[in-house]
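Visitor: Just passing along the structure, written as structure tokens.
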Amino acid sequence: MKRRMKKSGNDCSKLEMNFRKYREAILYIFFGGCTTFVNIIVYYICAHLLLLATAPSTVIAWILSVAFAYLTNRIYVFESRSRGLAAILREIGAFVSCRLLTGVMDLAIMYICVDLLHFNDLIIKIISNVLVIVLNYVASKLLIFRKK
């Protein structure tokens, strides 16, 4: 019985060590998933309930999800230490600039696949968001929230 308890303690310790080691990636995936959820829900509301076209629905979803992503990335994922209005504005500017590039990519994917090729908009939105998450992580890690 003692052996089991000890093994369980080791498993917990290993889990904790792995979480510490991969904390940033785990939190990025979690909050990236939350951001994707915000993006898809807002898109759905705009496109399916408010009956807006694909492009405006995508843009509105992008704006709200970028605001959510900035706050969660700054506070929880990368634990930004930037202080002062000028430093925070630079950080926001870099964040929005990188997100603008992937936002344009999302808009292009949605336009081509939904408006031109008539694929299911929600499936394409999910696929597009997966690509966006990967590119945004690289940009955030290497350019925006890099450790100084």
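Numbering starts fresh at 1 for the residues of each chain in the structure tokens, the chains themselves are lettered A, B, ... in the order given, and ligands are numbered from 1 as they appear.
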Taking only C-alpha atoms into account, produce a table as a tab-separated table in which each residue of segment 8-108 of chain A with an atom at most 12 Å from an atom of segment 120-139 of chain A appears once, together with its shortest atom pair and the distance in Å to one decimal, ordered by chain and rising number.
Guide:
residue	atom	partner	partner_atom	distance
A:Glu24	CA	A:Tyr137	CA	10.2
A:Ala25	CA	A:Tyr137	CA	8.7
A:Ile26	CA	A:Tyr137	CA	11.5
A:Leu27	CA	A:Tyr137	CA	11.1
A:Tyr28	CA	A:Tyr137	CA	7.4
A:Ile29	CA	A:Ile133	CA	8.2
A:Phe30	CA	A:Ile133	CA	10.8
A:Phe31	CA	A:Ile133	CA	9.9
A:Gly32	CA	A:Ile133	CA	6.3
A:Gly33	CA	A:Ile133	CA	8.4
A:Cys34	CA	A:Ile133	CA	10.9
A:Thr35	CA	A:Ile133	CA	9.0
A:Thr36	CA	A:Asn129	CA	6.3
A:Phe37	CA	A:Ile126	CA	9.2
A:Val38	CA	A:Asn129	CA	10.9
A:Asn39	CA	A:Asn129	CA	8.3
A:Ile40	CA	A:Lys125	CA	6.9
A:Ile41	CA	A:Leu122	CA	9.8
A:Val42	CA	A:Lys125	CA	11.3
A:Tyr43	CA	A:Lys125	CA	8.6
A:Tyr44	CA	A:Leu122	CA	7.7
A:Ile45	CA	A:Leu122	CA	11.5
A:Ala47	CA	A:Asp121	CA	9.3
A:His48	CA	A:Asp121	CA	10.2
A:Ala53	CA	A:Asp121	CA	11.1
A:Thr54	CA	A:Asp121	CA	8.3
A:Ala55	CA	A:Asp121	CA	11.4
A:Ser57	CA	A:Asp121	CA	11.0
A:Thr58	CA	A:Lys125	CA	8.9
A:Ala61	CA	A:Lys125	CA	10.7
A:Trp62	CA	A:Asn129	CA	10.3
A:Ser65	CA	A:Asn129	CA	10.9
A:Val66	CA	A:Asn136	CA	10.5
A:Ala69	CA	A:Asn136	CA	10.0
A:Tyr70	CA	A:Asn136	CA	10.9
A:Asn73	CA	A:Tyr137	CA	9.7
A:Val77	CA	A:Tyr137	CA	10.4
A:Phe78	CA	A:Tyr137	CA	10.5
A:Ala94	CA	A:Ala139	CA	9.4
A:Phe95	CA	A:Ala139	CA	8.4
A:Val96	CA	A:Asn136	CA	10.5
A:Ser97	CA	A:Ala139	CA	10.0
A:Cys98	CA	A:Ala139	CA	6.6
A:Arg99	CA	A:Asn136	CA	6.8
A:Leu100	CA	A:Asn136	CA	10.1
A:Leu101	CA	A:Asn136	CA	9.4
A:Thr102	CA	A:Val132	CA	5.8
A:Gly103	CA	A:Val132	CA	7.8
A:Val104	CA	A:Val132	CA	10.1
A:Met105	CA	A:Val132	CA	8.0
A:Asp106	CA	A:Ser128	CA	5.8
A:Leu107	CA	A:Ser128	CA	9.0
A:Ala108	CA	A:Ser128	CA	9.7
Visitor: A:Cys12, A:Gly93, A:Val59, A:Leu85: which is nearest Leu143 of chain A, counting only C-alpha atoms?
Guide: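 With only C-alpha atoms as the atom set, the closest residue is A:Gly93.
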Visitor: What gap, in Å, lies between atom CA of Cys46 of chain A and atom CA of Ile60 of chain A?
Guide: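 Computed distance, atom CA of Cys46 of chain A to atom CA of Ile60 of chain A, equals 7.9 Å.
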Visitor: Pick out the residues sitting within 12 Å of Arg81 of chain A, and hand them over as a list in words; count only C-alpha atoms, and ignore anything fewer than 3 positions along from it in its own chain.
Guide: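 My list of contacting residues is Asn73, Arg74, Ile75, Tyr76, Val77, Phe78, Gly84, Ala87, Ile88, Glu91, Ile144, Phe145, Arg146, Lys147 and Lys148 of chain A.
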Visitor: To one decimal place in Å, what is the distance between atom CA of Thr72 of chain A and atom CA of Ile92 of chain A?
Guide: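 Interatomic distance here is 12.5 Å.
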Visitor: Could you please write out, as a VMD selection string, every residue of chain A that DSSP assigns to alpha helix (DSSP H)?
Guide: chain A and resid 2 to 44 54 to 72 85 to 110 121 to 139
